[in-house]
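Written below as structure tokens is the structure these notes are about.
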Amino acid sequence: MSRFIPMLFVLCLAYPHVAHADVVDETAIDKQVRAIAKTLRCTVCQTENIWESGAPLARQMRDAIRERVLRGESAGAIRAYFQSRYGDYIMMEPPKHGINWLIWLAPFLLLFGGGLLLWREINGWVTRTPAPRPDVPPLDEASRRRIRQDMEPPEV
């Protein structure tokens, strides 16, 4: 068994052409289909675009895009077609109109608001005066002597 592994390694090096993959030439139509498909969400997977999805519905959607590109439709018209059928959800990047502005602006507004609250709190820590201490009566002479005795090192 130990002689078999080096022999297998030598055979793999002797026949490297077996491991080569075919190079696929991509046409201009394929590039257009890919560009459009990467902007549309797969309705089955919901986290992938239809170009990367392996779902049968995504394959059908890619075929529909290819047919429309071959007919000469623009990328905007193809996206509008899918948006009319599936709604705004089909777009990987939601459109910036109406209530969707809240989706785009909310993270920045929350970050700004949190930074403002943090600044206000830290500024309050810095400028806040310490709480007044209750009046402590001064020590009498007997207490001072006792403290001094406690502070002296013990005699050995």
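Residue names in the structure tokens use chain letters A, B, ... in the order shown, residue numbers from 1 in each chain, and ligand numbers from 1 in the order shown.
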Just want the 12 Å neighbourhood of Pro56 (chain A), counted on only C-alpha atoms, with same-chain residues fewer than 6 positions away dropped. Output as a VMD selection string. chain A and resid 42 to 45 50 62 to 63
If you run DSSP on this backbone, which residues of chain A come out as strand (DSSP E or B), and could you give them as a PyMOL selection string? chain A and resi 40-41+49+91
Written selection (C-alpha atoms) as a compact mmCIF listing (two decimals), in the first residue's frame:
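Saved result, selection-v5.txt, follows:
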# COMPACT_ATOMS: atom_id res chain seq x y z
CA LEU A 40 -32.82 39.88 -9.73
CA ARG A 41 -33.54 37.86 -6.56
CA ASN A 49 -29.65 36.18 -7.30
CA MET A 91 -34.94 43.31 -7.10
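You will find CA of Tyr86 (chain A) at 13.6 Å from CA of Thr39 (chain A).
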A straight line from CA of Pro134 (chain A) to CA of Ile122 (chain A) spans 26.4 Å
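As for CA of Ile103 (chain A) and CA of Tyr89 (chain A), they are spaced 12.9 Å apart.
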Within region 3-129 of chain A, find each residue whose DSSP state, derived from the backbone, is alpha helix (DSSP H), and express the selection as an mmCIF file with C-alpha atoms, in the first residue's frame.
data_model
loop_
_atom_site.group_PDB
_atom_site.id
_atom_site.type_symbol
_atom_site.label_atom_id
_atom_site.label_comp_id
_atom_site.auth_asym_id
_atom_site.auth_seq_id
_atom_site.Cartn_x
_atom_site.Cartn_y
_atom_site.Cartn_z
ATOM 1 C CA PHE A 4 0.928 2.464 -4.347
ATOM 2 C CA ILE A 5 0.507 6.119 -3.202
ATOM 3 C CA PRO A 6 3.746 7.459 -4.758
ATOM 4 C CA MET A 7 2.970 5.566 -7.956
ATOM 5 C CA LEU A 8 -0.489 7.173 -8.085
ATOM 6 C CA PHE A 9 1.089 10.585 -7.551
ATOM 7 C CA VAL A 10 3.533 9.993 -10.436
ATOM 8 C CA LEU A 11 0.668 8.920 -12.696
ATOM 9 C CA CYS A 12 -1.259 12.106 -11.873
ATOM 10 C CA LEU A 13 1.776 14.179 -12.794
ATOM 11 C CA ALA A 14 2.383 12.169 -15.977
ATOM 12 C CA ALA A 28 -22.095 39.286 -25.531
ATOM 13 C CA ILE A 29 -25.591 37.870 -24.974
ATOM 14 C CA ASP A 30 -24.330 35.679 -22.127
ATOM 15 C CA LYS A 31 -22.716 38.727 -20.519
ATOM 16 C CA GLN A 32 -25.976 40.700 -20.772
ATOM 17 C CA VAL A 33 -27.984 37.811 -19.335
ATOM 18 C CA ARG A 34 -25.523 37.474 -16.441
ATOM 19 C CA ALA A 35 -25.565 41.216 -15.728
ATOM 20 C CA ILE A 36 -29.372 41.311 -15.611
ATOM 21 C CA ALA A 37 -29.731 38.016 -13.703
ATOM 22 C CA PRO A 56 -35.524 25.279 -11.448
ATOM 23 C CA LEU A 57 -37.489 28.545 -11.277
ATOM 24 C CA ALA A 58 -34.231 30.515 -11.475
ATOM 25 C CA ARG A 59 -33.246 28.517 -14.569
ATOM 26 C CA GLN A 60 -36.590 29.367 -16.168
ATOM 27 C CA MET A 61 -36.103 33.031 -15.292
ATOM 28 C CA ARG A 62 -32.609 33.005 -16.860
ATOM 29 C CA ASP A 63 -34.101 31.457 -20.011
ATOM 30 C CA ALA A 64 -36.782 34.162 -20.090
ATOM 31 C CA ILE A 65 -34.102 36.827 -19.765
ATOM 32 C CA ARG A 66 -32.115 35.237 -22.618
ATOM 33 C CA GLU A 67 -35.204 35.208 -24.872
ATOM 34 C CA ARG A 68 -35.922 38.862 -24.149
ATOM 35 C CA VAL A 69 -32.296 39.863 -24.742
ATOM 36 C CA LEU A 70 -32.358 38.011 -28.060
ATOM 37 C CA ARG A 71 -35.520 39.960 -28.974
ATOM 38 C CA ALA A 75 -32.055 45.642 -19.431
ATOM 39 C CA GLY A 76 -34.421 48.176 -17.836
ATOM 40 C CA ALA A 77 -37.399 46.756 -19.711
ATOM 41 C CA ILE A 78 -36.514 43.205 -18.651
ATOM 42 C CA ARG A 79 -36.185 44.262 -15.010
ATOM 43 C CA ALA A 80 -39.498 46.140 -15.260
ATOM 44 C CA TYR A 81 -41.142 42.978 -16.631
ATOM 45 C CA PHE A 82 -39.991 40.882 -13.660
ATOM 46 C CA GLN A 83 -40.833 43.684 -11.234
ATOM 47 C CA SER A 84 -44.376 43.880 -12.607
ATOM 48 C CA ARG A 85 -44.810 40.129 -12.099
ATOM 49 C CA TYR A 86 -43.096 39.710 -8.690
ATOM 50 C CA ASN A 100 -38.072 52.199 0.636
ATOM 51 C CA TRP A 101 -36.206 55.419 1.451
ATOM 52 C CA LEU A 102 -36.646 54.407 5.079
ATOM 53 C CA ILE A 103 -34.824 51.137 4.339
ATOM 54 C CA TRP A 104 -31.928 53.059 2.826
ATOM 55 C CA LEU A 105 -31.736 55.818 5.425
ATOM 56 C CA ALA A 106 -32.589 53.988 8.667
ATOM 57 C CA PRO A 107 -29.093 52.549 9.307
ATOM 58 C CA PHE A 108 -27.482 55.968 8.906
ATOM 59 C CA LEU A 109 -30.108 57.683 11.045
ATOM 60 C CA LEU A 110 -29.715 55.074 13.791
ATOM 61 C CA LEU A 111 -25.929 55.376 13.651
ATOM 62 C CA PHE A 112 -26.136 59.176 13.850
ATOM 63 C CA GLY A 113 -28.650 59.036 16.721
ATOM 64 C CA GLY A 114 -26.552 56.510 18.654
ATOM 65 C CA GLY A 115 -23.427 58.632 18.146
ATOM 66 C CA LEU A 116 -25.285 61.718 19.360
ATOM 67 C CA LEU A 117 -26.492 59.907 22.494
ATOM 68 C CA LEU A 118 -22.997 58.556 23.149
ATOM 69 C CA TRP A 119 -21.454 62.029 22.734
ATOM 70 C CA ARG A 120 -24.047 63.532 25.079
ATOM 71 C CA GLU A 121 -23.422 60.862 27.719
ATOM 72 C CA ILE A 122 -19.628 61.155 27.553
ATOM 73 C CA ASN A 123 -19.863 64.931 27.619
ATOM 74 C CA GLY A 124 -22.044 64.623 30.735
ATOM 75 C CA TRP A 125 -19.418 62.440 32.425
ATOM 76 C CA VAL A 126 -16.697 64.968 31.737
ATOM 77 C CA THR A 127 -18.580 68.097 32.786
#
